[in-house]
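Structure below is query_14.txt: compact mmCIF, C-alpha atoms.
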# COMPACT_ATOMS: atom_id res chain seq x y z
CA MET A 1 2.15 7.84 -28.26
CA GLU A 2 -0.63 10.46 -28.36
CA GLN A 3 -3.11 7.83 -27.26
CA THR A 4 -0.80 6.89 -24.38
CA ALA A 5 -0.46 10.55 -23.39
CA HIS A 6 -4.24 10.97 -23.49
CA LYS A 7 -4.77 7.88 -21.35
CA ARG A 8 -2.03 8.98 -18.95
CA SER A 9 -3.68 12.37 -18.38
CA ARG A 10 -6.78 10.62 -17.02
CA ALA A 11 -4.79 8.04 -15.04
CA ALA A 12 -3.01 8.58 -11.77
CA PRO A 13 0.06 10.80 -12.10
CA LEU A 14 3.44 9.18 -12.38
CA ASP A 15 5.32 8.56 -9.18
CA ARG A 16 9.03 9.16 -8.60
CA ASP A 17 9.92 5.54 -9.44
CA ALA A 18 8.19 5.77 -12.83
CA TRP A 19 10.33 8.80 -13.71
CA ILE A 20 13.47 6.97 -12.61
CA LYS A 21 12.56 3.87 -14.63
CA GLY A 22 11.78 6.07 -17.62
CA ALA A 23 15.13 7.81 -17.23
CA LEU A 24 16.94 4.45 -17.09
CA ALA A 25 15.19 3.35 -20.28
CA ALA A 26 16.12 6.64 -21.95
CA LEU A 27 19.67 6.24 -20.71
CA ALA A 28 19.88 2.80 -22.31
CA GLU A 29 18.52 4.05 -25.64
CA GLU A 30 19.84 7.60 -25.88
CA GLY A 31 22.78 7.69 -23.49
CA PRO A 32 23.18 10.45 -20.89
CA ALA A 33 21.72 13.01 -23.31
CA GLY A 34 18.40 11.16 -23.12
CA VAL A 35 17.99 12.01 -19.46
CA ARG A 36 16.29 15.34 -20.17
CA ILE A 37 13.09 16.46 -18.52
CA GLU A 38 11.32 17.45 -21.75
CA PHE A 39 12.32 14.25 -23.52
CA LEU A 40 11.25 12.06 -20.60
CA ALA A 41 7.94 13.87 -20.18
CA LYS A 42 7.19 13.25 -23.84
CA GLN A 43 8.27 9.58 -23.61
CA LEU A 44 6.16 9.08 -20.50
CA GLY A 45 3.18 10.95 -21.90
CA VAL A 46 3.00 13.60 -19.18
CA THR A 47 3.78 17.27 -18.77
CA LYS A 48 6.98 18.70 -17.34
CA GLY A 49 4.94 19.84 -14.36
CA SER A 50 4.61 16.22 -13.28
CA PHE A 51 8.38 16.04 -13.01
CA TYR A 52 8.57 18.89 -10.49
CA TRP A 53 6.19 17.14 -8.11
CA HIS A 54 8.89 14.52 -7.56
CA PHE A 55 12.24 16.18 -8.27
CA LYS A 56 13.80 19.50 -7.41
CA ASP A 57 15.66 19.69 -10.72
CA ARG A 58 17.43 17.55 -13.32
CA ARG A 59 20.37 16.93 -10.97
CA ASP A 60 17.97 15.45 -8.43
CA LEU A 61 16.71 13.05 -11.12
CA VAL A 62 20.24 12.24 -12.28
CA ASP A 63 21.31 11.45 -8.73
CA ALA A 64 18.24 9.23 -8.25
CA VAL A 65 18.97 7.40 -11.52
CA LEU A 66 22.60 6.82 -10.53
CA GLU A 67 21.56 5.62 -7.08
CA GLU A 68 18.97 3.24 -8.57
CA TRP A 69 21.54 1.84 -11.02
CA LYS A 70 24.12 1.43 -8.27
CA ALA A 71 21.71 -0.26 -5.87
CA GLY A 72 20.46 -2.61 -8.60
CA ARG A 73 23.94 -3.51 -9.80
CA ILE A 74 25.27 -4.14 -6.29
CA ARG A 75 22.21 -6.22 -5.41
CA ASP A 76 22.69 -8.31 -8.58
CA ILE A 77 26.44 -8.64 -8.07
CA ARG A 78 25.96 -9.91 -4.53
CA LYS A 79 23.26 -12.31 -5.67
CA GLN A 80 25.35 -13.62 -8.57
CA THR A 81 28.45 -14.08 -6.45
CA SER A 82 26.88 -15.67 -3.41
CA ALA A 83 27.88 -19.28 -3.33
CA ASP A 84 27.65 -22.11 -0.91
CA PRO A 85 31.02 -23.63 -0.04
CA GLY A 86 32.17 -25.79 -2.92
CA HIS A 87 30.18 -23.83 -5.52
CA GLU A 88 32.50 -20.84 -5.93
CA LEU A 89 33.67 -21.88 -9.39
CA ALA A 90 30.09 -21.93 -10.72
CA ALA A 91 29.51 -18.47 -9.23
CA LEU A 92 32.61 -17.17 -11.04
CA GLN A 93 31.52 -18.72 -14.31
CA HIS A 94 28.08 -17.10 -14.09
CA PRO A 95 29.08 -13.52 -15.06
CA ILE A 96 31.18 -14.92 -17.89
CA SER A 97 28.15 -16.79 -19.17
CA VAL A 98 25.78 -13.84 -18.80
CA TYR A 99 27.97 -11.22 -20.43
CA SER A 100 29.35 -13.33 -23.23
CA ALA A 101 26.12 -15.07 -24.24
CA GLY A 102 24.20 -11.99 -25.29
CA ARG A 103 21.69 -12.50 -22.48
CA ASN A 104 22.60 -9.12 -21.05
CA ARG A 105 21.14 -6.99 -23.83
CA LYS A 106 19.18 -4.71 -21.50
CA GLY A 107 21.85 -4.21 -18.86
CA LEU A 108 24.80 -3.66 -21.17
CA PRO A 109 23.51 -0.46 -22.83
CA ILE A 110 22.78 1.04 -19.42
CA GLU A 111 26.22 -0.04 -18.15
CA LEU A 112 27.90 1.56 -21.14
CA ALA A 113 25.83 4.74 -20.84
CA VAL A 114 26.62 5.12 -17.14
CA ARG A 115 30.33 4.59 -17.87
CA GLU A 116 30.17 7.20 -20.64
CA TRP A 117 28.42 9.53 -18.23
CA ALA A 118 31.16 8.90 -15.66
CA ARG A 119 33.75 10.29 -18.05
CA ARG A 120 32.14 13.73 -17.70
CA ASP A 121 30.41 13.68 -14.33
CA ALA A 122 32.16 13.25 -10.98
CA ARG A 123 29.06 11.84 -9.25
CA ALA A 124 28.58 9.25 -11.98
CA ALA A 125 32.29 8.39 -11.76
CA ALA A 126 31.98 7.85 -8.00
CA VAL A 127 29.00 5.53 -8.50
CA VAL A 128 30.83 3.51 -11.17
CA GLU A 129 33.82 3.20 -8.84
CA GLN A 130 31.58 1.87 -6.05
CA VAL A 131 29.98 -0.70 -8.35
CA ASP A 132 33.34 -1.80 -9.75
CA ALA A 133 34.80 -2.06 -6.25
CA GLU A 134 31.91 -4.33 -5.25
CA ARG A 135 32.31 -6.45 -8.39
CA LEU A 136 36.00 -6.93 -7.79
CA ALA A 137 35.64 -7.57 -4.05
CA CYS A 138 32.92 -10.18 -4.55
CA ALA A 139 34.86 -11.97 -7.28
CA ALA A 140 38.07 -11.82 -5.23
CA ARG A 141 36.26 -13.49 -2.30
CA LEU A 142 35.24 -16.33 -4.61
CA PHE A 143 38.77 -16.74 -5.96
CA ALA A 144 40.14 -16.66 -2.41
CA ALA A 145 37.63 -19.36 -1.41
CA LEU A 146 39.12 -21.49 -4.19
CA GLY A 147 42.46 -21.22 -2.41
CA LEU A 148 44.17 -18.44 -4.35
CA PRO A 149 46.36 -15.95 -2.47
CA ALA A 150 44.80 -12.49 -1.96
CA ALA A 151 46.94 -10.74 -4.59
CA GLU A 152 46.18 -13.35 -7.23
CA ALA A 153 42.48 -13.38 -6.31
CA ALA A 154 42.39 -9.60 -6.82
CA ALA A 155 44.23 -9.85 -10.14
CA ARG A 156 41.96 -12.61 -11.41
CA SER A 157 38.93 -10.51 -10.49
CA VAL A 158 40.20 -7.71 -12.70
CA LEU A 159 40.92 -10.20 -15.47
CA LEU A 160 37.44 -11.69 -15.18
CA TYR A 161 35.69 -8.34 -15.57
CA ALA A 162 38.09 -7.09 -18.23
CA TYR A 163 37.16 -10.20 -20.20
CA VAL A 164 33.40 -10.05 -19.69
CA PHE A 165 33.12 -6.39 -20.60
CA GLY A 166 35.58 -6.62 -23.46
CA PHE A 167 33.95 -9.72 -24.91
CA SER A 168 30.49 -8.20 -24.63
CA LEU A 169 31.64 -5.28 -26.78
CA MET A 170 33.29 -7.35 -29.49
CA ARG A 171 31.70 -9.28 -32.33
CA CYS A 172 33.98 -12.30 -32.01
CA ASP A 173 31.61 -14.39 -34.12
CA LEU A 174 32.71 -12.37 -37.15
CA PHE A 175 36.34 -13.47 -37.00
CA ALA A 176 36.49 -16.56 -34.80
CA PRO A 177 35.37 -19.88 -36.26
CA ASP A 178 34.33 -21.40 -32.92
CA VAL A 179 33.41 -18.69 -30.44
CA GLY A 180 32.13 -21.26 -27.94
CA ALA A 181 35.50 -22.98 -27.80
CA ILE A 182 37.26 -19.65 -27.35
CA LYS A 183 34.92 -18.70 -24.48
CA ASP A 184 35.48 -22.06 -22.82
CA TRP A 185 39.26 -21.75 -23.17
CA ILE A 186 39.32 -18.23 -21.72
CA THR A 187 36.94 -19.18 -18.92
CA GLY A 188 39.21 -22.09 -18.05
CA ARG A 189 42.24 -19.81 -17.87
CA ILE A 190 40.53 -17.19 -15.74
CA THR A 191 39.01 -19.67 -13.28
CA ALA A 192 41.81 -22.26 -13.11
CA ALA A 193 42.82 -22.92 -9.51

Mind turning this structure into structure tokens?
Amino acid sequence: MEQTAHKRSRAAPLDRDAWIKGALAALAEEGPAGVRIEFLAKQLGVTKGSFYWHFKDRRDLVDAVLEEWKAGRIRDIRKQTSADPGHELAALQHPISVYSAGRNRKGLPIELAVREWARRDARAAAVVEQVDAERLACAARLFAALGLPAAEAAARSVLLYAYVFGFSLMRCDLFAPDVGAIKDWITGRITAA
């Protein structure tokens, strides 16, 4: 790290985006407590003074991190749930596949950290609510396109995300002999028309 810090001091100073990316990485590894100016400066190999060129204070950074997470999640949600007519079922199966296959190892720690943060911070809670509302609305549109009534489409959307988040937190492979068969069965129940 000292070598990185030495190299960084001769390189161009970090920009605002680098601080935000560094804060997201710290959030994934350390949780909300990792989003501290001193800690980030050390991780990024710069002085605290660099921080104040780009942010008024820690709250300014926190707000930028939350906004970046929200924008990224909503962009990904919309991308994952866009489907040509006739392909809605595949679009619904995609988040199930991503979250339950362990391919989401980078995003899940950040998701969990932001949700933990939201338990104590009203701004973080508002951001999580916006992301969840988008998730549910996009999934409900797909279920509605499959012919389900609006109320059932909304309920299935909640069920879908309750499953993907719950499954991603559990170690089902420790107590279920055929996790793949269980995933397929649950996916079939959630997405059945």

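Here CA of Glu68 (chain A) and CA of Ile96 (chain A) stand 23.8 Å from one another.
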
(message) Report as a PyMOL selection string all protein, DNA and RNA residues lying within 12 Å of Gly31 (chain A), evaluated on all atoms listed in the file, omitting residues in the same chain fewer than 3 positions from it.
(response) chain A and resi 23-28+34-36+108-118

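What separates CA of Glu134 (chain A) from CA of Gly107 (chain A) is a distance of 16.9 Å.
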
(request) Determine the nearest neighbour of Ala139 (chain A) from the options A:Ala193, A:Ala71, A:Leu66, A:Ile77, counting only C-alpha atoms. (result)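 Among the listed residues, A:Ile77 lies closest to Ala139 (chain A).
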
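Among the candidate residues A:Ile20, A:Ala33, A:Leu44, A:Ala83, the one lying nearest to Asp63 (chain A) is A:Ile20, with distances computed using all atoms listed in the file.
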
(request) Excluding Ala18 (chain A) and residues on its chain fewer than 6 positions from it, collect all residues at most 12 Å away from it, counting all atoms listed in the file, and give them as a PyMOL selection string. (result) chain A and resi 12+24-25+40-41+43-46+50-51+54+61+64-65+68

(message) Just want the 8 Å neighbourhood of Tyr161 (chain A), counted on only C-alpha atoms, with same-chain residues fewer than 4 positions away dropped. Output as a VMD selection string.
(response) chain A and resid 136 157 165

(message) So, with all atoms listed in the file as the atoms that count, which of A:Tyr163, A:Phe55, A:Trp185, A:Trp69 lies closest to Ala124 (chain A)?
(response)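 Among the listed residues, A:Trp69 lies closest to Ala124 (chain A).
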
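With all atoms listed in the file as the basis for measurement, A:Ala137 is the residue among A:Val164, A:Leu148, A:Val127, A:Ala137 that approaches Thr81 (chain A) most closely.
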
(request) Excluding Phe143 (chain A) and residues on its chain fewer than 4 positions from it, collect all residues at most 9 Å away from it, counting only C-alpha atoms, and give them as a count of residues only. (result) 16

(request) Provide the CA of Asp84 (chain A) to CA of Leu146 (chain A) distance in Å, to one decimal place. (result)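 Pair CA of Asp84 (chain A) / CA of Leu146 (chain A) returns 11.9 Å.
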
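For the set A:Ala162, A:Ala176, A:Ile74, A:Ala192, the residue with the smallest atom-to-atom gap to Arg135 (chain A) is A:Ile74, counting all atoms listed in the file.
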